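Next comes model.txt, with compact mmCIF, C-alpha atoms and all ligand atoms.
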```
# COMPACT_ATOMS: atom_id res chain seq x y z
CA MET A 213 -29.90 91.94 34.22
CA GLU A 214 -28.66 93.82 31.16
CA ALA A 215 -27.19 91.45 28.55
CA LEU A 216 -26.18 91.27 24.91
CA VAL A 217 -29.02 89.24 23.42
CA LEU A 218 -29.14 87.66 19.99
CA GLU A 219 -32.87 88.02 19.30
CA LYS A 220 -32.61 86.17 16.00
CA GLN A 221 -30.30 86.07 12.98
CA HIS A 222 -28.87 89.58 12.26
CA GLU A 223 -30.56 91.11 15.32
CA LEU A 224 -28.59 91.95 18.46
CA GLN A 225 -29.83 94.02 21.36
CA ILE A 226 -28.49 95.17 24.70
CA ARG A 227 -31.50 94.73 26.93
CA ASP A 228 -32.80 93.49 30.23
CA ILE A 229 -33.29 89.75 30.49
CA THR A 230 -34.45 87.71 33.47
CA LEU A 231 -32.21 84.72 34.16
CA ASP A 232 -33.07 82.64 37.19
CA GLU A 233 -29.78 81.33 38.54
CA PRO A 234 -29.92 79.77 41.99
CA LEU A 235 -26.53 79.18 43.60
CA GLY A 236 -25.97 75.44 44.09
CA LEU A 237 -23.85 73.96 46.88
CA HIS A 238 -20.86 73.47 44.55
CA ASP A 239 -21.32 76.66 42.48
CA VAL A 240 -19.80 80.10 42.53
CA ARG A 241 -21.35 83.37 41.40
CA ILE A 242 -19.04 85.34 39.14
CA ALA A 243 -19.21 88.98 38.08
CA LEU A 244 -18.05 89.03 34.45
CA ARG A 245 -15.08 91.21 33.52
CA THR A 246 -13.84 90.44 29.98
CA VAL A 247 -15.54 88.35 27.29
CA GLY A 248 -13.89 87.52 23.95
CA VAL A 249 -15.86 87.48 20.71
CA CYS A 250 -15.48 84.06 19.09
CA GLY A 251 -16.01 83.08 15.47
CA SER A 252 -18.94 80.96 16.65
CA ASP A 253 -20.67 83.97 18.30
CA VAL A 254 -20.30 85.92 15.05
CA HIS A 255 -21.53 82.92 13.07
CA TYR A 256 -24.74 82.71 15.14
CA TYR A 257 -25.24 86.46 14.65
CA GLU A 258 -24.78 86.29 10.88
CA ASN A 259 -26.33 82.88 10.12
CA GLY A 260 -28.59 82.07 13.07
CA ALA A 261 -27.21 78.53 13.26
CA ILE A 262 -24.12 76.33 13.30
CA GLY A 263 -24.94 72.91 11.87
CA HIS A 264 -27.86 71.49 13.83
CA PHE A 265 -27.54 74.15 16.57
CA VAL A 266 -30.22 76.66 15.58
CA VAL A 267 -31.09 79.88 17.45
CA ARG A 268 -34.84 79.44 18.03
CA ALA A 269 -35.22 81.77 21.00
CA PRO A 270 -33.39 84.91 22.20
CA MET A 271 -29.93 83.90 23.49
CA VAL A 272 -27.18 85.77 25.33
CA LEU A 273 -23.89 85.49 23.40
CA GLY A 274 -20.31 85.02 24.62
CA HIS A 275 -18.33 82.10 26.05
CA GLU A 276 -14.67 83.24 26.33
CA ALA A 277 -14.81 84.76 29.75
CA SER A 278 -13.06 85.94 32.87
CA GLY A 279 -14.44 87.51 36.03
CA VAL A 280 -14.33 87.82 39.79
CA ILE A 281 -16.04 85.64 42.38
CA THR A 282 -18.81 87.40 44.33
CA GLU A 283 -20.55 84.51 46.10
CA LEU A 284 -19.66 80.96 47.16
CA GLY A 285 -21.88 77.89 47.31
CA ALA A 286 -22.03 76.31 50.78
CA GLU A 287 -19.68 73.43 49.88
CA VAL A 288 -17.09 75.45 47.94
CA THR A 289 -13.79 75.55 49.83
CA ASN A 290 -11.14 76.21 47.17
CA PHE A 291 -12.18 79.79 46.33
CA LYS A 292 -12.79 83.00 48.21
CA ILE A 293 -14.81 86.08 47.34
CA GLY A 294 -12.69 88.40 45.22
CA ASP A 295 -10.74 85.63 43.45
CA ARG A 296 -10.03 86.49 39.81
CA VAL A 297 -10.99 83.58 37.57
CA CYS A 298 -11.72 82.27 34.12
CA MET A 299 -14.25 79.61 33.31
CA GLU A 300 -14.68 76.57 31.10
CA PRO A 301 -17.88 77.27 29.16
CA GLY A 302 -18.94 73.62 28.79
CA ILE A 303 -20.63 71.90 31.73
CA PRO A 304 -21.04 68.14 31.35
CA ASP A 305 -23.36 65.90 33.33
CA PRO A 306 -21.09 64.90 36.25
CA ASN A 307 -22.60 61.39 36.29
CA SER A 308 -22.43 60.64 32.58
CA LYS A 309 -20.34 57.80 31.16
CA ALA A 310 -18.23 60.29 29.17
CA THR A 311 -17.45 62.28 32.31
CA ARG A 312 -16.55 59.14 34.26
CA LEU A 313 -14.20 58.17 31.41
CA GLY A 314 -12.48 61.57 31.58
CA ILE A 315 -13.71 62.62 28.15
CA TYR A 316 -16.22 65.08 29.56
CA ASN A 317 -15.96 67.31 26.48
CA LEU A 318 -17.64 64.50 24.53
CA ASP A 319 -20.60 64.15 26.90
CA PRO A 320 -23.67 64.36 24.64
CA ALA A 321 -25.46 66.19 27.46
CA VAL A 322 -22.82 68.95 27.79
CA ARG A 323 -24.30 72.44 28.23
CA PHE A 324 -22.05 74.96 26.49
CA TRP A 325 -22.44 78.74 26.84
CA ALA A 326 -23.88 80.52 23.82
CA THR A 327 -24.72 77.28 22.04
CA PRO A 328 -28.51 77.14 21.63
CA PRO A 329 -30.44 76.94 23.85
CA ILE A 330 -27.84 77.75 26.56
CA HIS A 331 -27.25 81.44 27.35
CA GLY A 332 -23.74 82.88 27.10
CA VAL A 333 -22.09 85.36 29.44
CA LEU A 334 -22.14 88.82 27.84
CA ARG A 335 -24.00 89.94 30.98
CA PRO A 336 -23.10 91.15 34.48
CA SER A 337 -23.03 87.82 36.33
CA VAL A 338 -23.26 84.04 36.02
CA VAL A 339 -23.54 81.04 38.33
CA HIS A 340 -21.01 78.35 37.42
CA PRO A 341 -19.71 75.09 38.93
CA ALA A 342 -16.57 75.70 40.99
CA ALA A 343 -15.08 72.60 39.30
CA PHE A 344 -15.06 74.43 35.96
CA THR A 345 -13.74 77.71 37.37
CA PHE A 346 -9.99 78.45 37.52
CA LYS A 347 -7.99 81.03 39.44
CA LEU A 348 -5.94 83.45 37.33
CA PRO A 349 -2.26 83.80 38.24
CA GLU A 350 -1.56 87.21 39.81
CA ASN A 351 0.31 88.50 36.74
CA ILE A 352 -2.47 87.52 34.31
CA SER A 353 -5.07 90.13 33.37
CA TYR A 354 -8.79 89.58 32.83
CA ALA A 355 -8.17 90.11 29.10
CA GLU A 356 -5.59 87.32 29.07
CA GLY A 357 -7.91 85.18 31.22
CA ALA A 358 -10.59 85.45 28.55
CA MET A 359 -8.05 84.09 26.02
CA VAL A 360 -7.71 80.78 27.88
CA GLU A 361 -10.83 79.40 26.15
CA PRO A 362 -9.53 79.64 22.57
CA LEU A 363 -6.02 78.73 23.80
CA ALA A 364 -7.50 75.57 25.36
CA VAL A 365 -8.33 74.30 21.87
CA GLY A 366 -4.66 74.65 20.88
CA MET A 367 -3.54 73.05 24.14
CA HIS A 368 -5.83 70.07 23.54
CA ALA A 369 -4.49 69.75 19.98
CA ALA A 370 -0.91 69.85 21.32
CA ASN A 371 -1.78 67.10 23.82
CA LYS A 372 -3.29 64.96 21.07
CA ALA A 373 -0.11 65.32 19.00
CA LYS A 374 1.99 63.82 21.85
CA ILE A 375 4.79 66.26 21.06
CA ARG A 376 8.38 65.13 21.68
CA PRO A 377 11.02 67.79 22.45
CA GLY A 378 12.39 69.17 19.20
CA ASP A 379 9.51 68.19 16.96
CA VAL A 380 8.91 70.35 13.89
CA ALA A 381 5.25 71.20 13.37
CA VAL A 382 3.20 72.67 10.57
CA VAL A 383 0.12 74.71 11.45
CA MET A 384 -2.25 75.25 8.54
CA GLY A 385 -4.24 78.44 9.10
CA ALA A 386 -3.12 81.61 10.92
CA GLY A 387 -6.46 82.58 12.45
CA PRO A 388 -6.74 82.87 16.26
CA ILE A 389 -6.98 79.09 16.75
CA GLY A 390 -4.06 78.41 14.39
CA VAL A 391 -1.79 80.92 16.11
CA LEU A 392 -2.81 79.74 19.60
CA THR A 393 -2.16 76.14 18.51
CA ALA A 394 1.31 77.22 17.35
CA LEU A 395 2.00 78.84 20.74
CA ALA A 396 0.75 75.75 22.59
CA ALA A 397 2.90 73.49 20.38
CA LEU A 398 6.02 75.60 21.03
CA ALA A 399 5.32 75.63 24.76
CA GLY A 400 4.83 71.86 24.55
CA GLY A 401 8.29 71.25 23.13
CA CYS A 402 8.21 71.90 19.40
CA SER A 403 11.48 73.42 18.14
CA GLN A 404 9.82 75.39 15.37
CA ILE A 405 6.53 75.97 13.62
CA ILE A 406 5.85 76.49 9.95
CA ILE A 407 2.52 78.30 9.65
CA SER A 408 0.57 78.69 6.41
CA ASP A 409 -2.22 80.99 5.31
CA VAL A 410 -3.09 83.22 2.35
CA VAL A 411 -3.57 86.41 4.38
CA GLN A 412 -0.18 88.11 4.74
CA PRO A 413 -0.91 90.32 7.79
CA LYS A 414 -1.96 87.25 9.79
CA LEU A 415 1.29 85.51 8.85
CA ASP A 416 3.32 88.63 9.69
CA LEU A 417 1.82 88.75 13.17
CA ALA A 418 2.35 85.01 13.76
CA ALA A 419 6.00 85.26 12.69
CA LYS A 420 6.71 87.72 15.51
CA LEU A 421 5.59 85.35 18.26
CA GLY A 422 8.45 82.84 18.30
CA PRO A 423 10.41 80.46 16.03
CA ILE A 424 7.55 80.54 13.52
CA THR A 425 8.17 80.52 9.75
CA PRO A 426 5.30 82.05 7.77
CA VAL A 427 4.35 80.58 4.41
CA ASN A 428 1.91 82.41 2.16
CA VAL A 429 0.49 79.50 0.17
CA ALA A 430 -0.89 81.89 -2.44
CA LYS A 431 2.74 82.62 -3.36
CA GLU A 432 4.82 79.60 -2.37
CA SER A 433 4.49 75.88 -1.76
CA LEU A 434 4.15 74.74 1.85
CA VAL A 435 5.68 71.35 1.01
CA ASP A 436 8.74 73.05 -0.56
CA VAL A 437 9.33 75.16 2.55
CA VAL A 438 8.87 72.19 4.89
CA ASN A 439 11.23 70.06 2.81
CA LYS A 440 13.84 72.81 2.80
CA LEU A 441 13.67 73.23 6.57
CA THR A 442 13.70 69.47 7.32
CA ASP A 443 16.16 68.20 4.68
CA GLY A 444 13.31 66.60 2.79
CA TRP A 445 12.08 64.55 5.77
CA GLY A 446 8.84 66.45 6.48
CA ALA A 447 7.16 67.79 9.61
CA ASP A 448 6.69 65.53 12.64
CA ILE A 449 3.26 67.04 13.25
CA VAL A 450 0.70 68.75 11.02
CA PHE A 451 -2.05 70.73 12.76
CA GLU A 452 -4.86 71.52 10.30
CA ALA A 453 -6.45 74.68 11.72
CA SER A 454 -7.75 76.39 8.57
CA GLY A 455 -10.89 74.35 7.92
CA ASN A 456 -10.13 74.99 4.27
CA GLU A 457 -11.23 71.99 2.21
CA ARG A 458 -8.13 71.86 0.01
CA ALA A 459 -5.74 72.30 2.92
CA SER A 460 -7.62 69.67 4.95
CA ALA A 461 -7.33 67.17 2.11
CA GLY A 462 -3.58 67.84 1.69
CA VAL A 463 -2.38 67.27 5.28
CA PHE A 464 -0.26 64.21 4.49
CA GLU A 465 1.93 65.98 1.92
CA PRO A 466 4.16 67.94 4.34
CA LEU A 467 4.07 65.15 6.98
CA ALA A 468 7.17 63.13 7.92
CA PRO A 469 7.07 59.32 7.92
CA GLY A 470 5.60 58.20 11.25
CA GLY A 471 4.20 61.66 11.86
CA CYS A 472 0.94 62.82 13.36
CA VAL A 473 -1.88 64.90 11.87
CA VAL A 474 -4.29 66.71 14.18
CA TYR A 475 -7.46 68.04 12.60
CA VAL A 476 -8.51 71.19 14.47
CA GLY A 477 -10.39 73.20 11.83
CA LEU A 478 -13.77 72.04 10.60
CA PRO A 479 -14.27 72.01 6.84
CA ALA A 480 -17.76 73.04 5.74
CA LYS A 481 -18.18 69.83 3.75
CA PRO A 482 -16.78 66.28 3.88
CA ILE A 483 -13.28 66.14 2.33
CA PRO A 484 -11.44 63.50 0.30
CA TYR A 485 -9.02 61.54 2.51
CA ASP A 486 -5.92 60.10 0.80
CA VAL A 487 -5.56 56.71 2.51
CA VAL A 488 -2.55 55.74 0.40
CA ALA A 489 -0.67 58.95 1.29
CA ALA A 490 -1.45 58.37 4.97
CA SER A 491 -0.59 54.69 4.73
CA VAL A 492 2.89 55.02 3.21
CA LYS A 493 3.80 57.31 6.12
CA GLU A 494 1.91 55.30 8.75
CA ALA A 495 0.37 58.60 9.74
CA ARG A 496 -1.36 58.85 13.09
CA VAL A 497 -4.49 60.99 12.76
CA GLU A 498 -6.19 62.74 15.65
CA HIS A 499 -9.27 64.92 16.03
CA VAL A 500 -10.29 67.40 18.70
CA PHE A 501 -13.67 68.54 19.96
CA ARG A 502 -13.24 71.61 22.15
CA TYR A 503 -10.93 70.45 25.03
CA ALA A 504 -10.69 68.75 28.38
CA HIS A 505 -8.35 69.06 31.39
CA VAL A 506 -6.21 71.84 29.89
CA TYR A 507 -7.26 75.08 31.64
CA PRO A 508 -4.85 74.66 34.60
CA ARG A 509 -1.97 73.91 32.22
CA ALA A 510 -2.78 76.86 29.98
CA LEU A 511 -2.88 79.17 33.01
CA ALA A 512 0.39 77.70 34.34
CA LEU A 513 2.13 78.40 31.03
CA MET A 514 0.76 81.93 30.91
CA GLY A 515 1.61 82.62 34.53
CA SER A 516 5.20 81.44 34.17
CA GLY A 517 5.73 83.69 31.15
CA LYS A 518 6.27 80.75 28.77
CA LEU A 519 3.21 81.56 26.72
CA ASP A 520 2.08 85.11 25.95
CA VAL A 521 -1.36 85.70 24.41
CA LYS A 522 -1.29 89.51 24.73
CA PRO A 523 -0.16 90.23 21.13
CA LEU A 524 -3.31 88.51 19.88
CA ILE A 525 -5.72 90.80 21.74
CA THR A 526 -5.99 93.44 19.02
CA ASP A 527 -9.34 95.17 19.61
CA THR A 528 -11.22 96.03 22.81
CA PHE A 529 -14.74 97.48 23.15
CA GLY A 530 -16.80 98.55 26.16
CA PHE A 531 -20.03 96.68 26.94
CA ALA A 532 -22.17 99.60 25.71
CA ASP A 533 -20.47 99.14 22.32
CA SER A 534 -21.07 95.37 22.19
CA ILE A 535 -23.12 95.50 19.00
CA LYS A 536 -20.43 97.63 17.38
CA ALA A 537 -17.88 95.01 18.50
CA PHE A 538 -19.86 92.26 16.76
CA ASP A 539 -20.28 94.25 13.55
CA TYR A 540 -16.53 94.91 13.65
CA ALA A 541 -15.73 91.23 14.30
CA ALA A 542 -17.99 90.20 11.41
CA HIS A 543 -15.97 92.32 8.98
CA MET A 544 -12.61 92.31 10.71
CA PRO A 545 -9.53 93.77 9.01
CA ALA A 546 -6.79 91.20 8.36
CA THR A 547 -4.60 92.87 10.99
CA SER A 548 -7.07 92.04 13.77
CA VAL A 549 -7.02 88.73 15.63
CA LYS A 550 -9.16 88.83 18.77
CA VAL A 551 -11.94 91.25 19.64
CA GLN A 552 -12.84 91.48 23.32
CA ILE A 553 -15.60 93.21 25.23
CA ILE A 554 -15.00 94.64 28.70
CA VAL A 555 -18.22 93.86 30.56
CA ALA A 556 -17.06 95.70 33.67
CA ASN A 557 -13.88 97.03 35.24
CA ASP A 558 -12.70 96.25 38.75
ZN ZN B 601 -14.49 80.43 21.29
```

Go through the file and emit its structure as structure tokens.
Amino acid sequence: MEALVLEKQHELQIRDITLDEPLGLHDVRIALRTVGVCGSDVHYYENGAIGHFVVRAPMVLGHEASGVITELGAEVTNFKIGDRVCMEPGIPDPNSKATRLGIYNLDPAVRFWATPPIHGVLRPSVVHPAAFTFKLPENISYAEGAMVEPLAVGMHAANKAKIRPGDVAVVMGAGPIGVLTALAALAGGCSQIIISDVVQPKLDLAAKLGPITPVNVAKESLVDVVNKLTDGWGADIVFEASGNERASAGVFEPLAPGGCVVYVGLPAKPIPYDVVAASVKEARVEHVFRYAHVYPRALALMGSGKLDVKPLITDTFGFADSIKAFDYAAHMPATSVKVQIIVAND
């Protein structure tokens, strides 16, 4: 089949690749429709590795995907051919201890699309477990379906925060994950979000999506804005989604006493952690690794109209222009949020 293959660092090719994918009893075969370009895909293209995941052999990219079911495994009863779906890209070992505990995202044996050596889905079709495949609501497009993967990270972060209705949250970082975390937090009951970044167009876009106050930290102090909006009390929740080392080290400053910090972004290096600042506020600190159990909830929120990801889909390319899409995503203008590739139309 014809796929977008990362041959090695800096070298992408659209070419034929043979992928042997037998259809298991509990699997479905899916014809891909839309695949989003993720920061991680671009990172593999530009650097050939993320941490200890190194691209050592040609690998198909792409993991934010939607499609249509073309074939059903013999034991699959909850889908029919023609169902429009999106897919969780991480497949854990169903018998592992992590999976039995419900924390299947933490299964050390998880196989995640476009994480070496597992192939991604910028290709015509894939076989996937029905258990990790989810029907799109009728009013949700394939493009929106391909946004569920990055949204799932924000949904998981919102779950970890244990939001109470009316909470005020800070989101540090207005990249795709930051903005999707803000939307998930609002849908989950937050009354307002204060979002910080240094790139003004990203903040401008975020501010249009709901009760979201943008703060350009190159020009003003986040803590000052939070104090002004909360009568000096602080934010109930701080989501750190920038991965910036200074921001990550400063999470306790805008936090309210008894508040919760959720680390979403990954700093490149270990950061200093102010135990005293966390202690005097009895801060609860949470971390996320990808997500678990949130796809149905994300789709329910999108289907009901409570959460709209469409404004974040800023750039769309055809499959033949996949390499162009990656070069664009690698040097994206500040006004762009999410690049998607249409693998095929219905
Ligand atoms: Zn992604």

Handout entry: Neighbourhood of ligand ZN 601 (chain B) at 7 Å, counting all atoms listed in the file, reported as a list in words
Key = Cys250, Gly251, Ser252, His275, Glu276, Glu361 and Pro362 of chain A

Practice task
Go ahead and compute the interatomic distance for CA of Lys522 (chain A) and CA of Ile352 (chain A), in Å to one decimal.
Solution key: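 A separation of 9.9 Å between them.
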
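When all atoms listed in the file are used to measure the gap to Gly378 (chain A), the shortest distance among A:Thr393, A:Thr442, A:Asn456, A:Asn428 belongs to A:Thr442.
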
Output as JSON the centre and edge lengths (Å, one decimal) of the box along x, y and z of the file that holds every listed atom of region 275-293 of chain A after adding 3 Å on each side.
```
{"center_x": -16.6, "center_y": 80.6, "center_z": 38.4, "size_x": 16.9, "size_y": 20.4, "size_z": 30.7}
```

Please provide the set of residues having any atom within 6 Å of region 299-314 of chain A, restricted to all atoms listed in the file, with same-chain residues fewer than 3 positions apart removed, written as a PDB file with C-alpha atoms, keeping the file's coordinate frame.
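Heads up, here's the output in around04.pdb:
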```
ATOM      1  CA  HIS A 275     -18.330  82.100  26.050  1.00  0.00           C
ATOM      2  CA  ASP A 319     -20.600  64.150  26.900  1.00  0.00           C
ATOM      3  CA  VAL A 322     -22.820  68.950  27.790  1.00  0.00           C
ATOM      4  CA  ARG A 323     -24.300  72.440  28.230  1.00  0.00           C
ATOM      5  CA  PHE A 324     -22.050  74.960  26.490  1.00  0.00           C
ATOM      6  CA  TRP A 325     -22.440  78.740  26.840  1.00  0.00           C
ATOM      7  CA  PHE A 344     -15.060  74.430  35.960  1.00  0.00           C
ATOM      8  CA  THR A 345     -13.740  77.710  37.370  1.00  0.00           C
TER       9      THR A 345
END
```

Report as a PDB file with C-alpha atoms, keeping the file's coordinate frame all protein, DNA and RNA residues lying within 8 Å of Leu363 (chain A), evaluated on all atoms listed in the file, omitting residues in the same chain fewer than 2 positions from it.
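New file result21.pdb:
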```
ATOM      1  CA  MET A 359      -8.050  84.090  26.020  1.00  0.00           C
ATOM      2  CA  VAL A 360      -7.710  80.780  27.880  1.00  0.00           C
ATOM      3  CA  GLU A 361     -10.830  79.400  26.150  1.00  0.00           C
ATOM      4  CA  VAL A 365      -8.330  74.300  21.870  1.00  0.00           C
ATOM      5  CA  GLY A 366      -4.660  74.650  20.880  1.00  0.00           C
ATOM      6  CA  MET A 367      -3.540  73.050  24.140  1.00  0.00           C
ATOM      7  CA  ILE A 389      -6.980  79.090  16.750  1.00  0.00           C
ATOM      8  CA  LEU A 392      -2.810  79.740  19.600  1.00  0.00           C
ATOM      9  CA  THR A 393      -2.160  76.140  18.510  1.00  0.00           C
ATOM     10  CA  ALA A 396       0.750  75.750  22.590  1.00  0.00           C
ATOM     11  CA  ALA A 510      -2.780  76.860  29.980  1.00  0.00           C
TER      12      ALA A 510
END
```

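Between CA of Ala342 (chain A) and CA of Val506 (chain A) the separation is 15.7 Å.
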
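Picture a line from CA of Arg496 (chain A) to CA of Leu519 (chain A); it runs 26.9 Å.
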
Exercise for the section: Excluding Val339 (chain A) and any residue of its chain fewer than 3 positions from it, enumerate the residues within 8 Å of it, using only C-alpha atoms, and give them as a ChimeraX atom specification. Expected result: /A:233-235,239-242

Emit the selected residues as an mmCIF file, in the frame of the given file, including C-alpha atoms.
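For reference, out27.cif as written:
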```cif
data_model
loop_
_atom_site.group_PDB
_atom_site.id
_atom_site.type_symbol
_atom_site.label_atom_id
_atom_site.label_comp_id
_atom_site.auth_asym_id
_atom_site.auth_seq_id
_atom_site.Cartn_x
_atom_site.Cartn_y
_atom_site.Cartn_z
ATOM 1 C CA GLU A 233 -29.780 81.330 38.540
ATOM 2 C CA PRO A 234 -29.920 79.770 41.990
ATOM 3 C CA LEU A 235 -26.530 79.180 43.600
ATOM 4 C CA ASP A 239 -21.320 76.660 42.480
ATOM 5 C CA VAL A 240 -19.800 80.100 42.530
ATOM 6 C CA ARG A 241 -21.350 83.370 41.400
ATOM 7 C CA ILE A 242 -19.040 85.340 39.140
#
```

Closest atom pairs, region 374-397 of chain A residues within 8 Å of region 403-422 of chain A, all atoms listed in the file, as CSV:
```
residue,atom,partner,partner_atom,distance
A:Pro377,CA,A:Ser403,CA,7.1
A:Gly378,CA,A:Ser403,CA,4.5
A:Asp379,CA,A:Ser403,CA,5.7
A:Val380,CA,A:Gln404,CA,5.3
A:Ala381,CA,A:Ile405,CA,4.9
A:Val382,CA,A:Ile406,CA,4.7
A:Val383,CA,A:Ile407,CA,4.7
A:Met384,CA,A:Ser408,CA,4.9
A:Gly385,CA,A:Asp409,CA,5.0
A:Ala386,CA,A:Asp409,CA,5.7
A:Gly387,CA,A:Lys414,CA,7.0
A:Val391,CA,A:Ala418,CA,6.3
A:Ala394,CA,A:Ile405,CA,6.5
A:Leu395,CA,A:Leu421,CA,7.8
```

Problem - Nearest residue to Val297 (chain A) from the set A:Ala321, A:Ala430, A:Val476, A:Ala343 (distances using all atoms listed in the file) - result: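 Residue with the minimum atom-to-atom distance to Val297 (chain A): A:Ala343.
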
Handout entry: Residue among A:Val338, A:Ile281, A:Leu348, A:Val474 lying closest to Tyr507 (chain A), counting all atoms listed in the file
Key =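 Of all the options, A:Leu348 lies closest to Tyr507 (chain A).
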